[in-house]
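These notes concern the structure reproduced below.
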Amino acid sequence: MSALQRVKRSSYDWTRGSSSRGGSLGYILVDDNVIERLTQRATSSSETLKELPTIGTLLKSGTASRANVITVSDEQRNVPAYLATIKRITGFSWEKIGVLLGCTRQTVYNWTQGEAVKPENARQVAALHETISYVDRGSHAETVALLEREFGGRSLLNVIKDGEFAVARRLAGKGSGRPTSTWTKMQPQKASGRQDHWTDRVAAQIEDPVDDGAAFVPNKIVKKVRFKLK
Amino acid sequence: MADSDGSVEGLTDEEMTALSAWRQGDYTLQWAHFPVVSDTTEEDVEIGFDSAVGWVAVTQTCDIVNYGRHKDYVTICPIIEADDRLLKDVVNGVTPAAAILELREQDHHVIDLGRAASIHKRALAHLPRKDGFSSDMSRSVLQQSLERRFGRFAFPDWLSTGPLRQLRDRAREKHKSGGPVGDIYKAIDEFRVRGNPDLESHGSAIGFYAVVDPEKEKKTTRKAIQGEFKALSAKFDWPEAYVQEDEFFTVMTLDEMSARQLRESHSVDLDFISNVKPGS
């Protein structure tokens with residue numbers, strides 16, 4: 001039994017999984033660092049386990065050497081970007097990503113468009129994002145082949161679908177990531193000299209259509225020269 | 001001067017030196033006339049000379065300074081005196097008719113992009129040159145104007161005169177009033193539109209992308225943006241011949257957009273949409 005499986009949902013007030021899939025599978029989602037801490041504490045009293053994060057408390061993501069501190073509310077705000085990244089790395093349709101998350105294509109699309117995401121669902125999207133980013137081999141073909149590969153009779157996709165994200169990361173190992181992931185971030189461009197946002201330009205327009213009037217002074221031909229061609 | 005194959009002899013060192021100083025957007029006030037073909041008959045062609053303030057080189061700098069076979073000419077546009085209305089539109093960047101000249105002699109001088117002519121590089125090298133722009137950054141405004149005038153994707157009239165105009169008018173109205181709806185439009189860097197298979201064939205499926213700035217988006221919500229466009233698109237004058245995608249307006253940041261989505265869609269310049277009136 002894995003470390004993750006030993007952490008039973010019934011012990012805490014923090015769940016994972018989608019309601020559309022009939023509720024939790026009985027596990028909670030945490031990253032490797034938390035698992036290690038919890039595994040040691042699993043025999044302790046439930047009082048200790050109340051330290052688990054809730055909305056607004058800090059979570060850690062990333063590897064042990066490069067942990068990023070994020071909050072649950074950050075995760076909710078980042079859901080559209082996370083989903084887009086998952087799609088970009090895998091090339092999966094929203095429908096297939098929905099299968100991984102245990103919800104419909106429409107639900108996933110709605111989340112990308114700012115529909116409210118329940119904290120537990122946001123957490124699951126964040127975990128999927130973290131896992132897919134971690135295993136990313138740098139191309140659709142290689143990453144999808146990896147996700148479809150079987151480990152002990154189960155494909156990595158099924159491991160992920162079952163919510164065993166930490167297990168999936170361990171099985172797959174860290175990928176090289178996007179080929180451009182080490183590129184330096186583009187510097188912000190300076191203003192071009194005109195009104196730079198289109199709404200300012202639109203607002204500056206006079207009511208009449210731009211090209212309706214005689215905007216130019218009438219052309220005046222001041223001299224003519226004729227050339228015989230034949 | 002002409003070789004047997006019709007090409008013109010090379011420039012002297014002095015002419016090459018003088019030519020090498022010219023940049024795109026540089027100008028001369030030497031001549032107050034601009035050549036145009038004003039008439040043709042079966043037997044002759046009439047060259048007229050319009051009144052103008054001066055000439056601006058609009059050819060790209062590298063093509064001006066590199067001299068060689070088939071690189072004999074530079075394209076010039078006239079400098080004209082704009083009236084107040086045209087000057088305002090040029091300064092605001094809302095007209096493709098003319099472009100701004102940063103280091104102009106007089107405030108109302110603008111570049112008329114409606115006329116162009118060719119000048120031999122030897123002739124250009126002998127003209128007194130004035131800097132048109134102070135930096136590559138300010139020169140890029142001229143380049144954007146040239147791109148708009150000559151390289152802009154032309155949307156079909158049904159889009160320009162209908163939904164795009166309604167979108168533009170709504171944005172202008174809400175920009176003036178500010179507030180939450182103004183924040184929605186401020187958060188949007190760009191609208192893009194996709195037609196499948198295209199924007200003109202009857203039966204095409206049409207969808208819009210609203211590309212938002214991730215920082216400005218924080219002043220509003222994605223749901224509010226969606227709500228605004230759902231309400232607006234319900235009022236669109238939409239021809240029956242075209243189908244709206246089920247997810248008609250999709251909001252995303254550039255990071256969320258795929259290269260395919262970018263390539264398959266066209267940027268909408270709401271600050272300059274063509275002014276063909278419906279039924280005209």
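Residue names in the structure tokens use chain letters A, B, ... in the order shown, residue numbers from 1 in each chain, and ligand numbers from 1 in the order shown.
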Could you list the residues in chain B lying within 7 Å of chain A, using only C-alpha atoms, and format the result as a PyMOL selection string?
chain B and resi 43-51+82-83+86+89+91-95+137-138+141+171-172+175-176+186+221-223+250-251+256+258+271+275
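DSSP on the backbone gives strand (DSSP E) for these parts of range 147-247 of chain B: Ile188, Asp189, Glu190, Phe191, Arg192, Val193, Arg194, Gly195, Asn196, Ala205, Ile206, Gly207, Phe208, Tyr209, Ala210, Val211, Val212, Val243, Gln244, Glu245, Asp246 and Glu247 of chain B.
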Once you have the residues from the selection above, write them out as a PDB file, in the first residue's frame, restricted to N, CA and C atoms.
ATOM      1  N   ILE B 188      -9.008  43.663 -22.100  1.00  0.00           N
ATOM      2  CA  ILE B 188      -8.862  42.916 -23.359  1.00  0.00           C
ATOM      3  C   ILE B 188      -7.816  43.591 -24.244  1.00  0.00           C
ATOM      4  N   ASP B 189      -6.764  42.875 -24.518  1.00  0.00           N
ATOM      5  CA  ASP B 189      -5.704  43.406 -25.373  1.00  0.00           C
ATOM      6  C   ASP B 189      -6.093  43.318 -26.840  1.00  0.00           C
ATOM      7  N   GLU B 190      -6.839  42.319 -27.171  1.00  0.00           N
ATOM      8  CA  GLU B 190      -7.081  42.080 -28.586  1.00  0.00           C
ATOM      9  C   GLU B 190      -8.293  41.177 -28.759  1.00  0.00           C
ATOM     10  N   PHE B 191      -9.064  41.459 -29.784  1.00  0.00           N
ATOM     11  CA  PHE B 191     -10.076  40.504 -30.215  1.00  0.00           C
ATOM     12  C   PHE B 191      -9.538  39.796 -31.441  1.00  0.00           C
ATOM     13  N   ARG B 192      -9.804  38.518 -31.532  1.00  0.00           N
ATOM     14  CA  ARG B 192      -9.460  37.758 -32.730  1.00  0.00           C
ATOM     15  C   ARG B 192     -10.703  37.008 -33.161  1.00  0.00           C
ATOM     16  N   VAL B 193     -10.824  36.784 -34.451  1.00  0.00           N
ATOM     17  CA  VAL B 193     -12.002  36.095 -34.956  1.00  0.00           C
ATOM     18  C   VAL B 193     -11.562  34.959 -35.869  1.00  0.00           C
ATOM     19  N   ARG B 194     -12.274  33.842 -35.758  1.00  0.00           N
ATOM     20  CA  ARG B 194     -11.955  32.680 -36.582  1.00  0.00           C
ATOM     21  C   ARG B 194     -13.187  32.250 -37.353  1.00  0.00           C
ATOM     22  N   GLY B 195     -13.010  31.949 -38.626  1.00  0.00           N
ATOM     23  CA  GLY B 195     -14.084  31.394 -39.440  1.00  0.00           C
ATOM     24  C   GLY B 195     -13.686  30.019 -39.923  1.00  0.00           C
ATOM     25  N   ASN B 196     -14.605  29.076 -39.803  1.00  0.00           N
ATOM     26  CA  ASN B 196     -14.303  27.716 -40.257  1.00  0.00           C
ATOM     27  C   ASN B 196     -15.332  27.302 -41.317  1.00  0.00           C
ATOM     28  N   ALA B 205     -18.644  28.595 -39.692  1.00  0.00           N
ATOM     29  CA  ALA B 205     -18.850  28.744 -38.247  1.00  0.00           C
ATOM     30  C   ALA B 205     -17.869  29.797 -37.728  1.00  0.00           C
ATOM     31  N   ILE B 206     -18.403  30.776 -37.012  1.00  0.00           N
ATOM     32  CA  ILE B 206     -17.600  31.925 -36.586  1.00  0.00           C
ATOM     33  C   ILE B 206     -17.454  31.920 -35.062  1.00  0.00           C
ATOM     34  N   GLY B 207     -16.253  32.205 -34.601  1.00  0.00           N
ATOM     35  CA  GLY B 207     -16.013  32.310 -33.165  1.00  0.00           C
ATOM     36  C   GLY B 207     -15.043  33.444 -32.858  1.00  0.00           C
ATOM     37  N   PHE B 208     -15.180  34.023 -31.680  1.00  0.00           N
ATOM     38  CA  PHE B 208     -14.310  35.138 -31.266  1.00  0.00           C
ATOM     39  C   PHE B 208     -13.416  34.710 -30.102  1.00  0.00           C
ATOM     40  N   TYR B 209     -12.209  35.220 -30.116  1.00  0.00           N
ATOM     41  CA  TYR B 209     -11.344  35.118 -28.947  1.00  0.00           C
ATOM     42  C   TYR B 209     -11.204  36.523 -28.362  1.00  0.00           C
ATOM     43  N   ALA B 210     -11.342  36.622 -27.062  1.00  0.00           N
ATOM     44  CA  ALA B 210     -10.988  37.865 -26.369  1.00  0.00           C
ATOM     45  C   ALA B 210      -9.688  37.576 -25.622  1.00  0.00           C
ATOM     46  N   VAL B 211      -8.597  38.158 -26.103  1.00  0.00           N
ATOM     47  CA  VAL B 211      -7.291  37.892 -25.496  1.00  0.00           C
ATOM     48  C   VAL B 211      -7.072  38.909 -24.377  1.00  0.00           C
ATOM     49  N   VAL B 212      -7.012  38.419 -23.152  1.00  0.00           N
ATOM     50  CA  VAL B 212      -6.949  39.334 -22.006  1.00  0.00           C
ATOM     51  C   VAL B 212      -5.528  39.450 -21.463  1.00  0.00           C
ATOM     52  N   VAL B 243     -22.885  30.745 -39.069  1.00  0.00           N
ATOM     53  CA  VAL B 243     -23.204  30.017 -37.843  1.00  0.00           C
ATOM     54  C   VAL B 243     -22.310  30.518 -36.704  1.00  0.00           C
ATOM     55  N   GLN B 244     -22.898  30.705 -35.551  1.00  0.00           N
ATOM     56  CA  GLN B 244     -22.084  31.048 -34.375  1.00  0.00           C
ATOM     57  C   GLN B 244     -21.648  29.751 -33.700  1.00  0.00           C
ATOM     58  N   GLU B 245     -20.362  29.664 -33.364  1.00  0.00           N
ATOM     59  CA  GLU B 245     -19.887  28.509 -32.615  1.00  0.00           C
ATOM     60  C   GLU B 245     -20.658  28.433 -31.295  1.00  0.00           C
ATOM     61  N   ASP B 246     -20.805  27.237 -30.773  1.00  0.00           N
ATOM     62  CA  ASP B 246     -21.511  27.087 -29.491  1.00  0.00           C
ATOM     63  C   ASP B 246     -20.847  27.934 -28.411  1.00  0.00           C
ATOM     64  N   GLU B 247     -19.524  27.874 -28.374  1.00  0.00           N
ATOM     65  CA  GLU B 247     -18.792  28.732 -27.446  1.00  0.00           C
ATOM     66  C   GLU B 247     -18.293  29.918 -28.251  1.00  0.00           C
TER      67      GLU B 247
END
Quick one: residues within 8 Å of Lys130 in chain B, only C-alpha atoms, excluding same-chain residues fewer than 6 positions away - as a compact mmCIF listing (two decimals) with N, CA and C atoms, in the first residue's frame?
# COMPACT_ATOMS: atom_id res chain seq x y z
N ASP B 26 12.82 59.13 -43.20
CA ASP B 26 13.52 60.40 -43.41
C ASP B 26 12.85 61.16 -44.55
N TYR B 27 13.04 62.47 -44.56
CA TYR B 27 12.29 63.23 -45.56
C TYR B 27 13.10 64.40 -46.11
N THR B 28 12.56 64.97 -47.17
CA THR B 28 13.15 66.17 -47.74
C THR B 28 12.04 67.16 -48.05
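In this model, the gap between CA of Gly162 in chain B and CA of Arg149 in chain B comes to 21.8 Å.
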Exercise for the section: Name the residues of range 108-252 of chain B that come out as helix (DSSP H, G or I) in a backbone DSSP run; write them as a ChimeraX atom specification. Expected result: /B:121-125,136-151,157-160,163-177,179-187,216-219,222-233
Between CA of Arg165 in chain B and CA of Phe229 in chain B lies a distance of 13.9 Å
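When CA of Ser160 in chain B is paired with CA of Ala187 in chain B, their separation reads 22.5 Å.
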